[in-house]
Amino acid sequence: MSRLQEHPIVDFKRGKEVTIYFNGKPIKAYEGETVAAALYAAGIRVFSRSFRFHRPRGFFCAIGKCSACMMEVDGIPNVRICKVYVRDGMQIRTQNAYPSAENDALAIFDRIIDRFFPHGSHYKKFTSSKTLREIATKQMRKIAGIGEFPKALPKEEADYEEINADIAIVGGGPAGLSAAIYAGRLGAKVVLMDENPYLGGQLIKQTHRFFGSGEHYAGTRGIRIAEILTKEVKEIENVDVRTETKVFGIYGKTVAAVEKDRKLLKVNAKKIVIATGAYERTLIFENNDLPGVYGAGGVQTLMNVYGVKPGNRGLIVGSGNVGLILSYQLLQAGVDVAAIVEAMPFVGGYFVHAAKVRRLGVPIYTRHTILKALGEKKVERAIIVELDENWRPIEGTEKEIECDFICVAVGLSPAHELLYQAGCEMKFVPELGGLVPVRNKYGETTAEGVYVAGDVAGIEEATAAMMEGRIAGLDAAIKLGYGDEEAVKLRDKIVGELEEFRRGPFGERILRGLEKVVR
Amino acid sequence: MKSRKIVCRCEDITEEEIIHAIEEGYDDIESLKRYTGATTGACQGKGCLMHILRILSQKTGKSPEEIGITTQRPPVNPVPLYVLAEGDKE
Amino acid sequence: MRVAIIGSGIAGISLAYFLAKSGIDVAVFEKKYPLYGASGRNSGGITLQFDKPEFVDLAKESLKIYDRVQSEVGFNFLYRHDGYIKVARNKDDLDKLEKEVKVAKSRGVKAKMLEAEEVKEFVPDFNPDAIVGASYSEGGVIFPWPVIWGFAKGCKEMGVEIKKMSEVKEIVIEKGFVKGVKANGEIYKADYVVNAAGAWSNEVSSLAGVGLDNRIIKEEICVSESLKPYLDLYILDVSTGVYLSQSVRGEIVGGILGSEVEKPDTSSSFEFLTKYAKKASELIPKLKSLTILRQWAGVYDVAKDDMPVVGLTSVSGFIQFNGLGKFGMCIAPALAKELAILIVRGENRKIEKFSPLRLKIYH
Amino acid sequence: MQEFCKRGYLIEEELPEPPSEERLRDKRPVAYIECPQRIPCSPCKEACRFDAVIMETINDTPKVDYEKCTGCMACIRVCPGLAIFMLQIKDDKGYVTLQYEFLPWLKKGDRVLVLNRKGEVIGEGVIAWALNPERNDRTQLVTVEVDKDLIFEARAVKKVVE
């Protein structure tokens with residue numbers, strides 16, 4: 001069993017034991033675990049089969065944003081089991097695979113489909129006669145489609161609530177929490193929404209001590225900072241905190257969300273702070289879809305939140321802070337780290353993070369990248385290769401790495417969707433990680449009254465996210481008439497601190513990016 | 001298992017197929033999206049939009065800014081109908 | 001003879017196909033990318049049941065054209081001839097369906113009325129108590145995207161140039177005669193300019209100084225996550241405007257018939273989602289267990305008398321091909337074939353009744 | 001980009017200037033900070049009550065005034081980068097105190113393998129002192145007794161599994 005019984009930093013509080021049924025087979029699980037974590041702990045790696053080639057797909061993002069873990073749960077199709085908590089007697093079935101995702105007869109497609117149905121042939125083959133086209137279309141329909149039409153109505157009773165608020169804050173991570181605390185303290189009526197059952201966003205997975213200044217909890221573990229900020233926000237009664245609340249759309253100044261998968265929440269706000277963080281970047285290499293290839297965040301969630309070991313020996317791709325910290329966290333969970341590969345000629349993250357793992361014997365291959373993942377239904381080995389100056393693999397430098405999982409930690413991209421919906425002017429800024437909004441120094445975007453803070457404004461440290469959150473929260477409340485000159489002074493003091501914080505070499509790249517978007 | 005470089009995990013599109021579609025003339029992001037189906041699957045582009053942008057930029061020589069991205073529509077994540085129905089206050 | 005067509009939707013692209021087949025030199029000017037307009041945003045519903053006999057004939061002819069073109073260009077439009085059901089929730093709407101069924105049958109189309117219970121034979125989980133009756137006719141679901149790509153493929157193979165990102169900013173007219181169009185700063189000489197710009201037709205018409213005040217309708221639509229085959233035919237609830245079908249890829253595609261707007265606008269609204277979810281799940285309760293993956297919107301234009309606007313105008317060489325309303329996919333190909341004849345020969349009595357000169361323009 | 005970022009570890013010439021022999025032989029250990037990169041991080045400076053850690057701005061590398069340093073270990077408790085080591089020499093024995101965050105926790109008397117900055121085992125050592133992890137939010141401080149010449153080599157320990 002790959003459940004961690006003990007961990008140096010995190011105490012895993014396992015709930016009552018329950019039994020869930022996976023394709024009819026009973027599986028032991030503990031309340032508080034997601035179905036995905038429970039199946040993974042039971043050694044199940046293949047969660048679904050891909051749409052066209054029927055390749056095996058498994059646990060990947062762990063935050064309900066990809067399609068790899070969609071299954072039928074109690075008769076309801078296309079449910080992402082990484083966001084569903086175990087309940088006793090649950091019936092879980094894999095989809096679009098016969099007899100099951102583990103052993104799928106249609107897996108043959110992966111070998112033959114290129115010869116008979118190269119891409120685009122659904123439009124270009126069997127077109128000569130009407131009958132031929134109709135037969136082909138009927139067959140295509142049968143093969144297409146993922147889940148089956150629902151066999152049951154939802155169990156829960158739906159509900160609806162409409163709230164009018166001064167400030168709606170989307171995302172309860174370091175940025176959103178800071179915005180809610182500082183706006184709430186000025187008296188503004190705030191609604192803070194986060195899709196997880198816990199507040200703190202990324203912090204909850206960061207078991208290491210944080211960098212930055214003491215004033216922003218530096219030297220404290222990420223998970224402790226989450227506890228501190230959560231306590232602070234819950235003490236302010238004019239801040240209405242809604243967890244397990246997924247915001248799905250912004251329509252003008254209306255924020256629409258689904259709370260606890262059963263209540264439709266409509267928040268009409270005067271100001272909106274978008275603090276939805278970022279997604280993991282994926283990497284394109286051969287068999288990058290094999291179960292066992294994970295984003296770093298997915299592994300951190302599985303290991304640091306649900307206490308399930310991702311495997312026994314991992315390869316880490318990318319030596320930014322995330323890759324380096326993750327390697328250290330894997331060692332803490334008793335998981336071996338075969339190596340860290342980095343395409344650049346030098347380590348991407350802070351040197352001290354590299355030194356931490358180097359002195360524990362983890363090799364770091366700079367100027368290297370992953371060429372392919374190997375394995376029948378899950379990762380069994382990986383091939384890494386050396387790169388020349390213009391980033392091209394050098395023939396003959398291939399090395400085989402024994403590993404049973406691969407973590408891709410090659411950076412994050414801001415979650416831009418809601419900003420486009422709100423009508424913000426956006427720009428593609430590589431230094432900030434991707435698509436970010438134009439805004440002023442208080443974080444207000446070109447969409448009047450819509451603010452942005454944290455990684456969604458540009459990929460940076462959690463300390464910067466907290467500062468940006470405080471500034472946005474203060475400015476939004478001030479513009480609504482809350483607070484006095486003290487509040488204005490505090491806001492401008494933090495703006496100064498943020499500029500100071502970004503003045504080091506690591507801030508150079510951020511400043512270059514900000515020049516393109518801050519007006 | 002055949003060796004493939006998967007760009008769009010939800011619609012199962014390889015890098016080779018994306019490049020092939022661009023060469024066939026679907027060389028603006030909206031046509032490429034519709035012809036290959038990339039970014040239209042269950043994750044609505046969260047895993048592949050940035051790669052599509054990169055590949056298009058490399059193939060057409062245009063900057064990501066010129067290429068632009070597909071229209072970002074609600075909902076950001078799938079929304080249950082039975083919950084939405086509760087909001088119809090006719 | 002050179003023809004410049006403004007708009008690469010089903011109207012513009014099928015006209016380009018027919019003109020090219022008669023050896024005419026054609027260029028299509030698309031403001032954005034093919035499928036940007038209504039032709040790329042609709043749910044592909046194909047019906048042969050209308051309250052106007054002209055529409056039934058045009059729809060029958062268009063279906064034949066689709067079949068022929070798919071073979072000619074070697075492109076499958078993924079059309080499924082599984083039928084089209086219209087349901088009514090009140091007596092008045094039911095009476096309208098009865099009239100439509102009569103008109104359809106009078107033009108040789110298989111159509112009949114259904115009791116509420118009978119709908120369950122076509123849709124297993126249908127809730128008969130939600131309606132008072134229904135009609136069934138020939139028709140089904142086509143996939144609009146390959147339709148446009150298929151025609152475009154045929155056009156390109158015949159030398160037609162389809163210019164993306166080429167908005168026509170000016171129509172060059174000298175002494176009442178069309179001389180060409182200006183796009184991306186270049187003049188394209190042409191003897192005929194065809195206004196097939198859908199919801200933007202009023203704007204394009206004013207470039208030629210020809211009055212046109214078609215109403216602009218915005219319609220919102222959405223898709224669920226992908227499912228195995230469940231719904232074969234197309235369902236339209238004429239009382240609430242809600243329609244449902246399933247795409248070949250497995251998503252349940254659904255929307256609500258549109259309402260008039262000032263100018264083209266394809267933004268999404270919260271109210272659409274809640275109304276659609278309520279009304280659609282009243283028809284098929286188990287839809288409640290589905291999730292909506294994406295919502296979007298399209299815009300189309302319809303003339304004041306709800307008839308297509310096809311033919312010559314006061315400015316010689318400037319031709320209208322718009323006002324097709326929500327039936328573009330059903331009737332455009334047949335109209336395009338006749339309009340091509342009108343352009344080549346100079347007159348075509350078959351489409352006389354759709355001439356723009358019938359319209360009294362107030363602006 | 002500095003050379004050490006290509007390797008992931010410091011070599012001889014890149015090490016900060018060491019404390020004097022006399023300070024090392026004092027009965028109080030001295031803080032030795034291996035933090036060569038300018039990053040926005042200041043907990044060590046903020047934790048020190050004796051102004052022994054010098055940093056003008058948050059982005060400067062920390063410099064230790066070995067005379068002012070009292071060996072109180074406030075800084076090593078909070079360093080996020082695990083970059084601080086307390087050094088001391090008694091007779092021919094050297095003592096290195098480092099942060100330890102692995103299971104099983106270490107106890108006085110445990111025999112451990114001693115590793116250098118490249119993760120190579122350079123000998124064995126004995127744990128002379130171990131702080132209860134609960135008293136420092138799960139970062140145990142352990143002092144390993146090694147040969148006195150190794151105090152600028154010994155940078156990590158692994159419990160010898162009997």
# chains A, B, ... in the order shown; residues from 1 in each chain; ligands from 1

call {"tool": "residues_around", "arguments": {"residues": "Lys118 in chain D", "least_positions_apart": "6", "cutoff": "8 Å", "atoms": "only C-alpha atoms", "output": "list in words"}}
result
Arg358, Arg359, Leu360 and Gly361 of chain A; Tyr9 of chain D

call {"tool": "write_last_selection", "arguments": {"atoms": "N, CA, C and O atoms", "output": "mmCIF file, in the first residue's frame"}}
result
data_model
loop_
_atom_site.group_PDB
_atom_site.id
_atom_site.type_symbol
_atom_site.label_atom_id
_atom_site.label_comp_id
_atom_site.auth_asym_id
_atom_site.auth_seq_id
_atom_site.Cartn_x
_atom_site.Cartn_y
_atom_site.Cartn_z
ATOM 1 N N ARG A 358 21.298 18.413 -3.629
ATOM 2 C CA ARG A 358 22.585 17.937 -4.134
ATOM 3 C C ARG A 358 23.347 17.246 -2.996
ATOM 4 O O ARG A 358 23.877 16.159 -3.172
ATOM 5 N N ARG A 359 23.271 17.875 -1.792
ATOM 6 C CA ARG A 359 24.059 17.303 -0.689
ATOM 7 C C ARG A 359 23.443 16.014 -0.157
ATOM 8 O O ARG A 359 24.045 15.281 0.613
ATOM 9 N N LEU A 360 22.199 15.690 -0.625
ATOM 10 C CA LEU A 360 21.587 14.414 -0.238
ATOM 11 C C LEU A 360 21.773 13.387 -1.362
ATOM 12 O O LEU A 360 21.142 12.342 -1.368
ATOM 13 N N GLY A 361 22.617 13.757 -2.355
ATOM 14 C CA GLY A 361 23.015 12.781 -3.369
ATOM 15 C C GLY A 361 22.171 12.795 -4.627
ATOM 16 O O GLY A 361 22.334 11.913 -5.482
ATOM 17 N N TYR D 9 26.328 23.125 -6.264
ATOM 18 C CA TYR D 9 27.028 23.084 -4.970
ATOM 19 C C TYR D 9 28.216 24.045 -5.031
ATOM 20 O O TYR D 9 28.702 24.403 -6.087
#

call {"tool": "residues_around", "arguments": {"residues": "Ala156 in chain D", "least_positions_apart": "5", "cutoff": "12 Å", "atoms": "only C-alpha atoms", "output": "ChimeraX atom specification"}}
result
/A:355-361 /D:82-85,96-102,112-125,141-144,146,150-151

call {"tool": "interface_residues", "arguments": {"of": "chain B", "to": "chain C", "cutoff": "9 Å", "atoms": "only C-alpha atoms", "output": "PDB file with C-alpha atoms, in the first residue's frame"}}
result
ATOM      1  CA  ASP B  28      -5.032  30.552 -38.013  1.00  0.00           C
ATOM      2  CA  GLU B  30      -9.536  29.408 -34.810  1.00  0.00           C
ATOM      3  CA  SER B  31      -9.508  27.245 -37.966  1.00  0.00           C
ATOM      4  CA  ARG B  34     -12.027  23.607 -35.276  1.00  0.00           C
ATOM      5  CA  TYR B  35     -10.284  21.290 -37.771  1.00  0.00           C
ATOM      6  CA  THR B  40     -12.364  21.930 -27.629  1.00  0.00           C
ATOM      7  CA  GLY B  41     -12.235  18.874 -25.337  1.00  0.00           C
ATOM      8  CA  ALA B  42     -13.073  18.330 -21.692  1.00  0.00           C
ATOM      9  CA  CYS B  43     -10.337  20.648 -20.362  1.00  0.00           C
ATOM     10  CA  GLN B  44     -11.136  23.430 -22.895  1.00  0.00           C
ATOM     11  CA  ARG B  73     -15.879  31.397 -23.017  1.00  0.00           C
ATOM     12  CA  PRO B  74     -17.645  30.540 -19.776  1.00  0.00           C
ATOM     13  CA  PRO B  75     -17.867  28.176 -18.033  1.00  0.00           C
ATOM     14  CA  VAL B  76     -14.241  27.885 -16.922  1.00  0.00           C
ATOM     15  CA  ASN B  77     -15.026  24.383 -15.637  1.00  0.00           C
ATOM     16  CA  PRO B  78     -18.040  22.196 -16.458  1.00  0.00           C
ATOM     17  CA  VAL B  79     -21.244  23.213 -14.641  1.00  0.00           C
ATOM     18  CA  PRO B  80     -24.002  20.731 -13.680  1.00  0.00           C
ATOM     19  CA  LEU B  81     -27.335  21.439 -15.417  1.00  0.00           C
ATOM     20  CA  TYR B  82     -29.429  20.563 -12.348  1.00  0.00           C
ATOM     21  CA  VAL B  83     -27.684  23.338 -10.404  1.00  0.00           C
ATOM     22  CA  LEU B  84     -28.090  25.888 -13.220  1.00  0.00           C
ATOM     23  CA  ALA B  85     -31.773  25.071 -13.569  1.00  0.00           C
ATOM     24  CA  GLU B  86     -32.270  26.295  -9.987  1.00  0.00           C
ATOM     25  CA  GLY B  87     -31.295  29.794 -11.112  1.00  0.00           C
ATOM     26  CA  ASP B  88     -34.124  30.156 -13.640  1.00  0.00           C
ATOM     27  CA  LYS B  89     -36.406  32.550 -11.777  1.00  0.00           C
ATOM     28  CA  GLU B  90     -39.031  32.957 -14.441  1.00  0.00           C
TER      29      GLU B  90
END

call {"tool": "select_by_dssp", "arguments": {"residues": "range 347-442 of chain A", "states": "strand (DSSP E or B)", "output": "NGL selection string"}}
result
:A and (364-366 or 368-374 or 381-387 or 393 or 399-402 or 405-408 or 412-414 or 426-429 or 434-437 or 439)

call {"tool": "select_by_dssp", "arguments": {"residues": "chain B", "states": "alpha helix (DSSP H)", "output": "number ranges by chain"}}
result
B: 15-23, 29-36, 49-60, 64-67, 81-85

call {"tool": "write_last_selection", "arguments": {"atoms": "N, CA and C atoms", "output": "mmCIF file, in the first residue's frame"}}
result
data_model
loop_
_atom_site.group_PDB
_atom_site.id
_atom_site.type_symbol
_atom_site.label_atom_id
_atom_site.label_comp_id
_atom_site.auth_asym_id
_atom_site.auth_seq_id
_atom_site.Cartn_x
_atom_site.Cartn_y
_atom_site.Cartn_z
ATOM 1 N N GLU B 15 1.627 16.140 -31.964
ATOM 2 C CA GLU B 15 2.281 17.348 -32.489
ATOM 3 C C GLU B 15 2.346 17.269 -34.015
ATOM 4 N N GLU B 16 2.659 16.079 -34.512
ATOM 5 C CA GLU B 16 2.773 15.830 -35.955
ATOM 6 C C GLU B 16 1.455 16.189 -36.646
ATOM 7 N N GLU B 17 0.332 15.810 -36.013
ATOM 8 C CA GLU B 17 -0.979 16.052 -36.650
ATOM 9 C C GLU B 17 -1.313 17.534 -36.644
ATOM 10 N N ILE B 18 -0.907 18.225 -35.585
ATOM 11 C CA ILE B 18 -1.158 19.678 -35.532
ATOM 12 C C ILE B 18 -0.381 20.343 -36.688
ATOM 13 N N ILE B 19 0.873 19.950 -36.830
ATOM 14 C CA ILE B 19 1.713 20.552 -37.881
ATOM 15 C C ILE B 19 1.126 20.227 -39.255
ATOM 16 N N HIS B 20 0.643 18.982 -39.409
ATOM 17 C CA HIS B 20 0.060 18.559 -40.699
ATOM 18 C C HIS B 20 -1.157 19.419 -41.032
ATOM 19 N N ALA B 21 -1.993 19.693 -40.001
ATOM 20 C CA ALA B 21 -3.216 20.497 -40.243
ATOM 21 C C ALA B 21 -2.835 21.918 -40.650
ATOM 22 N N ILE B 22 -1.771 22.463 -40.011
ATOM 23 C CA ILE B 22 -1.337 23.835 -40.351
ATOM 24 C C ILE B 22 -0.908 23.856 -41.812
ATOM 25 N N GLU B 23 -0.159 22.808 -42.212
ATOM 26 C CA GLU B 23 0.321 22.767 -43.608
ATOM 27 C C GLU B 23 -0.835 22.604 -44.588
ATOM 28 N N ILE B 29 -5.481 30.312 -35.642
ATOM 29 C CA ILE B 29 -5.745 29.499 -34.447
ATOM 30 C C ILE B 29 -7.203 29.015 -34.398
ATOM 31 N N GLU B 30 -8.128 29.819 -34.903
ATOM 32 C CA GLU B 30 -9.536 29.408 -34.810
ATOM 33 C C GLU B 30 -9.833 28.263 -35.783
ATOM 34 N N SER B 31 -9.271 28.345 -37.006
ATOM 35 C CA SER B 31 -9.508 27.245 -37.966
ATOM 36 C C SER B 31 -8.797 25.982 -37.475
ATOM 37 N N LEU B 32 -7.573 26.146 -36.943
ATOM 38 C CA LEU B 32 -6.805 24.979 -36.473
ATOM 39 C C LEU B 32 -7.565 24.298 -35.336
ATOM 40 N N LYS B 33 -8.121 25.139 -34.442
ATOM 41 C CA LYS B 33 -8.901 24.585 -33.318
ATOM 42 C C LYS B 33 -10.072 23.750 -33.838
ATOM 43 N N ARG B 34 -10.821 24.309 -34.815
ATOM 44 C CA ARG B 34 -12.027 23.607 -35.276
ATOM 45 C C ARG B 34 -11.649 22.360 -36.056
ATOM 46 N N TYR B 35 -10.606 22.444 -36.904
ATOM 47 C CA TYR B 35 -10.284 21.290 -37.771
ATOM 48 C C TYR B 35 -9.709 20.140 -36.935
ATOM 49 N N THR B 36 -8.784 20.462 -35.997
ATOM 50 C CA THR B 36 -8.163 19.360 -35.233
ATOM 51 C C THR B 36 -8.982 19.021 -33.985
ATOM 52 N N LEU B 49 -3.509 24.821 -25.081
ATOM 53 C CA LEU B 49 -3.600 26.105 -25.800
ATOM 54 C C LEU B 49 -2.212 26.721 -25.986
ATOM 55 N N MET B 50 -1.382 26.713 -24.948
ATOM 56 C CA MET B 50 -0.073 27.359 -25.041
ATOM 57 C C MET B 50 0.825 26.638 -26.052
ATOM 58 N N HIS B 51 0.645 25.282 -26.145
ATOM 59 C CA HIS B 51 1.471 24.548 -27.114
ATOM 60 C C HIS B 51 1.014 24.849 -28.537
ATOM 61 N N ILE B 52 -0.333 24.949 -28.698
ATOM 62 C CA ILE B 52 -0.865 25.260 -30.041
ATOM 63 C C ILE B 52 -0.302 26.620 -30.482
ATOM 64 N N LEU B 53 -0.306 27.562 -29.524
ATOM 65 C CA LEU B 53 0.202 28.905 -29.830
ATOM 66 C C LEU B 53 1.677 28.833 -30.239
ATOM 67 N N ARG B 54 2.463 28.032 -29.482
ATOM 68 C CA ARG B 54 3.908 27.932 -29.761
ATOM 69 C C ARG B 54 4.134 27.309 -31.142
ATOM 70 N N ILE B 55 3.402 26.205 -31.417
ATOM 71 C CA ILE B 55 3.624 25.490 -32.694
ATOM 72 C C ILE B 55 3.226 26.391 -33.860
ATOM 73 N N LEU B 56 2.069 27.074 -33.711
ATOM 74 C CA LEU B 56 1.610 27.977 -34.789
ATOM 75 C C LEU B 56 2.641 29.090 -35.005
ATOM 76 N N SER B 57 3.177 29.614 -33.874
ATOM 77 C CA SER B 57 4.143 30.706 -33.984
ATOM 78 C C SER B 57 5.395 30.226 -34.723
ATOM 79 N N GLN B 58 5.827 28.991 -34.385
ATOM 80 C CA GLN B 58 7.028 28.460 -35.062
ATOM 81 C C GLN B 58 6.745 28.238 -36.548
ATOM 82 N N LYS B 59 5.565 27.704 -36.868
ATOM 83 C CA LYS B 59 5.285 27.342 -38.272
ATOM 84 C C LYS B 59 4.994 28.574 -39.125
ATOM 85 N N THR B 60 4.266 29.572 -38.548
ATOM 86 C CA THR B 60 3.870 30.700 -39.418
ATOM 87 C C THR B 60 4.817 31.899 -39.254
ATOM 88 N N PRO B 64 3.126 35.316 -30.906
ATOM 89 C CA PRO B 64 1.903 34.875 -30.205
ATOM 90 C C PRO B 64 0.861 35.992 -30.130
ATOM 91 N N GLU B 65 1.349 37.235 -30.010
ATOM 92 C CA GLU B 65 0.418 38.366 -29.928
ATOM 93 C C GLU B 65 -0.399 38.492 -31.224
ATOM 94 N N GLU B 66 0.294 38.343 -32.387
ATOM 95 C CA GLU B 66 -0.410 38.451 -33.670
ATOM 96 C C GLU B 66 -1.408 37.303 -33.816
ATOM 97 N N ILE B 67 -0.979 36.109 -33.390
ATOM 98 C CA ILE B 67 -1.823 34.919 -33.568
ATOM 99 C C ILE B 67 -3.076 35.030 -32.708
ATOM 100 N N LEU B 81 -26.079 20.825 -14.951
ATOM 101 C CA LEU B 81 -27.335 21.439 -15.417
ATOM 102 C C LEU B 81 -28.335 21.555 -14.282
ATOM 103 N N TYR B 82 -28.383 20.530 -13.388
ATOM 104 C CA TYR B 82 -29.429 20.563 -12.348
ATOM 105 C C TYR B 82 -29.210 21.727 -11.387
ATOM 106 N N VAL B 83 -27.946 22.177 -11.271
ATOM 107 C CA VAL B 83 -27.684 23.338 -10.404
ATOM 108 C C VAL B 83 -28.099 24.612 -11.141
ATOM 109 N N LEU B 84 -27.750 24.693 -12.423
ATOM 110 C CA LEU B 84 -28.090 25.888 -13.220
ATOM 111 C C LEU B 84 -29.599 26.086 -13.281
ATOM 112 N N ALA B 85 -30.307 24.968 -13.420
ATOM 113 C CA ALA B 85 -31.773 25.071 -13.569
ATOM 114 C C ALA B 85 -32.382 25.798 -12.375
#

call {"tool": "residues_around", "arguments": {"residues": "Leu302 in chain A", "least_positions_apart": "2", "cutoff": "12 Å", "atoms": "only C-alpha atoms", "output": "compact mmCIF listing (two decimals) with N, CA and C atoms, in the first residue's frame"}}
result
# COMPACT_ATOMS: atom_id res chain seq x y z
N SER A 2 0.56 2.23 -0.84
CA SER A 2 1.50 3.36 -0.90
C SER A 2 0.96 4.53 -0.08
N ARG A 3 0.20 4.27 0.99
CA ARG A 3 -0.22 5.39 1.85
C ARG A 3 0.89 5.64 2.87
N LEU A 4 1.24 6.90 3.03
CA LEU A 4 2.28 7.25 3.99
C LEU A 4 1.70 7.10 5.41
N PHE A 12 -1.08 13.18 8.71
CA PHE A 12 -2.25 12.86 7.87
C PHE A 12 -3.37 12.35 8.77
N GLU A 33 -10.46 11.44 1.75
CA GLU A 33 -9.62 11.22 0.57
C GLU A 33 -10.47 11.43 -0.69
N THR A 34 -9.81 11.86 -1.77
CA THR A 34 -10.55 11.89 -3.04
C THR A 34 -10.54 10.46 -3.61
N VAL A 35 -11.48 10.20 -4.50
CA VAL A 35 -11.56 8.87 -5.12
C VAL A 35 -10.24 8.57 -5.83
N ALA A 36 -9.68 9.61 -6.49
CA ALA A 36 -8.43 9.41 -7.25
C ALA A 36 -7.30 8.98 -6.30
N ALA A 37 -7.19 9.64 -5.15
CA ALA A 37 -6.12 9.29 -4.20
C ALA A 37 -6.31 7.86 -3.70
N ALA A 38 -7.57 7.50 -3.44
CA ALA A 38 -7.84 6.15 -2.92
C ALA A 38 -7.50 5.09 -3.97
N LEU A 39 -7.91 5.32 -5.23
CA LEU A 39 -7.61 4.34 -6.28
C LEU A 39 -6.10 4.25 -6.47
N TYR A 40 -5.46 5.40 -6.44
CA TYR A 40 -3.99 5.44 -6.65
C TYR A 40 -3.29 4.66 -5.55
N ALA A 41 -3.77 4.88 -4.30
CA ALA A 41 -3.15 4.18 -3.16
C ALA A 41 -3.34 2.67 -3.30
N PHE A 59 -3.85 9.34 -13.37
CA PHE A 59 -3.81 10.51 -12.49
C PHE A 59 -2.86 11.54 -13.08
N PHE A 60 -3.31 12.82 -13.18
CA PHE A 60 -2.38 13.80 -13.77
C PHE A 60 -2.38 15.12 -13.01
N CYS A 61 -3.45 15.91 -13.10
CA CYS A 61 -3.36 17.29 -12.59
C CYS A 61 -3.82 17.38 -11.13
N ALA A 62 -4.71 16.46 -10.75
CA ALA A 62 -5.19 16.40 -9.35
C ALA A 62 -6.03 17.61 -8.95
N ILE A 63 -6.28 18.56 -9.85
CA ILE A 63 -7.09 19.72 -9.45
C ILE A 63 -8.32 19.87 -10.34
N CYS A 82 -10.80 13.18 -9.22
CA CYS A 82 -9.77 13.78 -8.35
C CYS A 82 -10.37 14.91 -7.54
N LYS A 83 -11.66 15.25 -7.83
CA LYS A 83 -12.29 16.34 -7.06
C LYS A 83 -13.53 15.83 -6.32
N ILE A 204 -1.09 25.11 0.83
CA ILE A 204 -1.42 23.87 1.56
C ILE A 204 -0.49 22.72 1.14
N LYS A 205 0.13 22.85 -0.03
CA LYS A 205 1.00 21.76 -0.49
C LYS A 205 2.47 22.09 -0.21
N TYR A 294 3.54 13.08 -14.40
CA TYR A 294 2.67 13.98 -13.62
C TYR A 294 3.17 15.41 -13.69
N GLY A 295 2.25 16.35 -13.43
CA GLY A 295 2.69 17.71 -13.14
C GLY A 295 3.19 17.72 -11.70
N ALA A 296 4.10 18.63 -11.36
CA ALA A 296 4.66 18.67 -10.00
C ALA A 296 3.54 18.91 -8.99
N GLY A 297 2.58 19.78 -9.35
CA GLY A 297 1.47 20.09 -8.43
C GLY A 297 0.63 18.87 -8.14
N GLY A 298 0.42 18.04 -9.16
CA GLY A 298 -0.38 16.84 -8.97
C GLY A 298 0.27 15.92 -7.94
N VAL A 299 1.58 15.78 -8.03
CA VAL A 299 2.30 14.90 -7.08
C VAL A 299 2.28 15.52 -5.69
N GLN A 300 2.44 16.86 -5.61
CA GLN A 300 2.42 17.52 -4.29
C GLN A 300 1.06 17.32 -3.64
N ASN A 304 1.43 15.50 -0.36
CA ASN A 304 1.41 16.38 0.82
C ASN A 304 0.01 16.62 1.37
N VAL A 305 -1.02 16.43 0.52
CA VAL A 305 -2.38 16.68 1.01
C VAL A 305 -3.05 15.35 1.38
N TYR A 306 -2.87 14.31 0.52
CA TYR A 306 -3.58 13.05 0.79
C TYR A 306 -2.65 11.94 1.29
N GLY A 307 -1.35 12.24 1.40
CA GLY A 307 -0.43 11.27 2.02
C GLY A 307 -0.29 9.97 1.24
N VAL A 308 -0.28 10.09 -0.09
CA VAL A 308 -0.10 8.86 -0.91
C VAL A 308 1.20 9.00 -1.69
N LYS A 309 2.07 7.97 -1.57
CA LYS A 309 3.35 8.04 -2.29
C LYS A 309 3.12 7.90 -3.79
N PRO A 310 3.70 8.79 -4.60
CA PRO A 310 3.49 8.69 -6.06
C PRO A 310 4.17 7.46 -6.65
N GLY A 311 5.17 6.93 -5.98
CA GLY A 311 5.90 5.77 -6.51
C GLY A 311 7.13 5.56 -5.65
N GLN A 329 10.92 17.33 -1.15
CA GLN A 329 9.70 16.80 -0.50
C GLN A 329 9.55 15.30 -0.76
N LEU A 330 9.97 14.85 -1.95
CA LEU A 330 9.89 13.41 -2.26
C LEU A 330 10.82 12.64 -1.31
N ALA A 333 9.36 12.14 1.94
CA ALA A 333 8.28 11.13 1.99
C ALA A 333 8.86 9.73 1.78

call {"tool": "residues_around", "arguments": {"residues": "Lys479 in chain A", "least_positions_apart": "5", "cutoff": "10 Å", "atoms": "only C-alpha atoms", "output": "PyMOL selection string"}}
result
chain A and resi 271+449+474

call {"tool": "atom_distance", "arguments": {"atom1": "CA of Ala38 in chain C", "atom2": "CA of Glu352 in chain C"}}
result
25.6 Å
